[in-house]
Amino acid sequence: MPIAEGFAQRLLPVLEELVAAYGTPFHIYDAQGIVDTHRSMVSAFGTEPFRQYFAVKALPNPAVLSMLLDEGSGLDCASPTELALADQVGAGGEDVVFTSNNTAGWEYDLARTAGALITFDDRVIFDRAEPLPETVAFRVSPHGLAQRSKLMGDAAGTKFGVPVAELADAYRAARRRGVTRFGIHGMTFANELDVGHAGRSSAAVVECAARVAEEVGIAFDYINVGGGLGIPYRPGERPVDFRAYADVILAARRRCFPDGTAPRILMECGRYVTGPHGVLVTRVVNRVRKGRDIIGVDASMSSLMRPGFYGAYHHLTLPYATGRPERAFDVVGSLCENMDKFAVDRTLPEPHEGDIALIHDTGAHGHAMGFTYNGRLRPAELLMTPTGEVVEIRRAEDFTDYVATVRWQPKPVLAAPSAMPSAQQAGDPR
Ligand SMILES: *Cc1c(COP(=O)(O)O)cnc(C)c1O
């Protein structure tokens with residue numbers, strides 16, 4: 001979607017100056033937009049007990065995480081590295097939820113010692129975990145309404161969670177092992193824009209929680225409905241009406257837990273919070289015709305993987321080229337991969353070399369999914385503060401980073417066998 005009006009008003013007047021002074025490419029995020037989105041989520045739940053835990057994987061930059069923590073957000077981590085980052089920015093105890101899958105016991109141990117709220121993704125890992133955290137939550141597999149989601153998998157094909165039919169048994173096992181506090185997790189959609197579907201799916205998780213609570217005879221401290229709310233990447237798509245979504249969840253909660261035992265609601269949105277509040281700023285370096293009209297820019301898929309990898313749409317504009325004649329272009333980076341295209345067959349104004357191009361909605365799963373293939377290293381991350389100051393919150397990678405993990409002197413990890421059997425001894429054929 002075209003960059004938000006407030007961000008555009010703050011960024012566009014200074015963008016040429018910024019690019020001239022700093023160079024390209026870089027991602028730049030809008031602090032005000034991120035904070036405003038977080039606040040609107042909180043206010044949609046009013047006085048009901050609710051906490052949003054930002055999914056660290058979407059934008060794992062300490063400046064952004066700290067800013068969200070200051071707003072009362074928690075952090076959703078899925079790996080030891082993300083737990084360490086959360087710790088580094090001062091998120092402790094129940095400021096952190098740990099929702100991970102296919103995860104080793106020692107990783108859960110780290111989360112437990114950090115005091116995080118832990119979601120167990122399967123029984124095997126839970127049965128091995130010792131000691132258990134004070135609060136135990138299981139993730140319920142996508143079921144029922146979740147069938148539609150490609151990213152989450154359907155009930156038969158998913159890798160996530162405990163099948164709904166085995167859930168009660170899992171909680172009974174937890175209770176047998178002395179657990180007294182319980183949560184439940186159900187993330188059943190990804191990049192979902194249809195508020196009707198999102199609401200019904202999350203309401204189904206609330207209903208599932210109520211059934212399990214009744215069947216097992218436990219009370220849930222919280223229901224975590226996960227992340228997965230979408231953002232309008234394409235012009236014409238409409239943002240999720242978050243208030244309507246929250247209302248559906250709260251209504252389900254009142255309906256299912258009428259007697260004052262209602263669990264808190266937690267969420268783990270990433271994309272919804274930061275996605276629209278970032279752009280990748282790049283410049284036109286090439287304009288060529290090879291059967292197709294091609295615009296080459298100085299960023300590549302290693303700065304933003306989604307278009308090349310998923311064919312995901314990211315809106316793209318040449319903000320200072322308006323008024324020029326338009327036609328369809330492919331916009332490409334320089335990786336030795338034909339999939340390294342930010343846009344295919346996109347109608348854009350005729351570019352000039354050096355024109356600034358903006359690739360929109362890179363505030364989530366953008367830089368974070370970057371890589372260094374071809375030695376096209378990850379670019380810088382800048383943050384525009386609410387007062388309009390621009391600060392660097394991550395420098396661009398350079399050659400030193402590229403080789404930082406190289407052992408220039410190879411390091412022995414396995415000694416050669418001391419007595420190599422000679423060819424004759426080793427099975428000399430008769
Ligand atoms: C990826 C993920 C999230 C965040 O997803 P968004 O689409 O960024 O909201 C939250 N929880 C879990 C368990 C995830 O895997």
# chains A, B, ... in the order shown; residues from 1 in each chain; ligands from 1
call {"tool": "residues_near_ligand", "arguments": {"ligand": "ligand 1", "cutoff": "6 Å", "atoms": "only C-alpha atoms and all ligand atoms", "output": "PyMOL selection string"}}
result
chain A and resi 55+58+99+190-191+226-229+268-272
call {"tool": "residues_around", "arguments": {"residues": "range 68-81 of chain A", "least_positions_apart": "2", "cutoff": "8 Å", "atoms": "only C-alpha atoms", "output": "PyMOL selection string"}}
result
chain A and resi 35+38-39+51-57+64-66+83-86+91+94-101+107+110-111+268
call {"tool": "closest_atom_pairs", "arguments": {"of": "range 41-86 of chain A", "to": "range 245-259 of chain A", "cutoff": "9 Å", "atoms": "only C-alpha atoms", "output": "JSON lines"}}
result
{"residue": "A:Met41", "atom": "CA", "partner": "A:Ala246", "partner_atom": "CA", "distance": 8.3}
{"residue": "A:Ala44", "atom": "CA", "partner": "A:Ala246", "partner_atom": "CA", "distance": 6.2}
{"residue": "A:Phe45", "atom": "CA", "partner": "A:Ala246", "partner_atom": "CA", "distance": 6.2}
{"residue": "A:Glu48", "atom": "CA", "partner": "A:Leu250", "partner_atom": "CA", "distance": 8.2}
call {"tool": "residues_around", "arguments": {"residues": "Glu166 in chain A", "least_positions_apart": "5", "cutoff": "10 Å", "atoms": "only C-alpha atoms", "output": "list of chain:residue names"}}
result
A:Arg123, A:Val140, A:Ser141, A:Tyr171
call {"tool": "write_last_selection", "arguments": {"atoms": "N, CA, C and O atoms", "output": "compact mmCIF listing (two decimals), in the first residue's frame"}}
result
# COMPACT_ATOMS: atom_id res chain seq x y z
N ARG A 123 3.63 -32.76 22.33
CA ARG A 123 3.65 -33.58 23.54
C ARG A 123 5.01 -34.18 23.80
O ARG A 123 5.45 -34.30 24.95
N VAL A 140 -2.55 -25.21 20.02
CA VAL A 140 -3.49 -26.10 19.34
C VAL A 140 -3.23 -26.02 17.84
O VAL A 140 -3.02 -24.95 17.28
N SER A 141 -3.21 -27.19 17.19
CA SER A 141 -2.99 -27.23 15.74
C SER A 141 -4.07 -26.45 15.02
O SER A 141 -5.22 -26.40 15.48
N TYR A 171 -3.22 -31.39 28.68
CA TYR A 171 -3.40 -30.60 29.90
C TYR A 171 -3.55 -31.49 31.14
O TYR A 171 -3.08 -31.15 32.23
call {"tool": "select_by_dssp", "arguments": {"residues": "range 237-392 of chain A", "states": "alpha helix (DSSP H)", "output": "MDAnalysis selection string"}}
result
chainID A and resid 242:256 271:274 306:310
call {"tool": "closest_residue", "arguments": {"among": "A:Pro325, A:Gly363, A:Pro49, A:Gly199", "to": "Asp241 in chain A", "atoms": "only C-alpha atoms"}}
result
A:Gly199
call {"tool": "closest_residue", "arguments": {"among": "A:Ile218, A:Val124, A:Ala343, A:Ala198", "to": "Ile184 in chain A", "atoms": "only C-alpha atoms"}}
result
A:Ile218
call {"tool": "residues_around", "arguments": {"residues": "Arg181 in chain A", "least_positions_apart": "6", "cutoff": "12 Å", "atoms": "only C-alpha atoms", "output": "PyMOL selection string"}}
result
chain A and resi 117-118+132-138+171+174-175+213+218-222+263
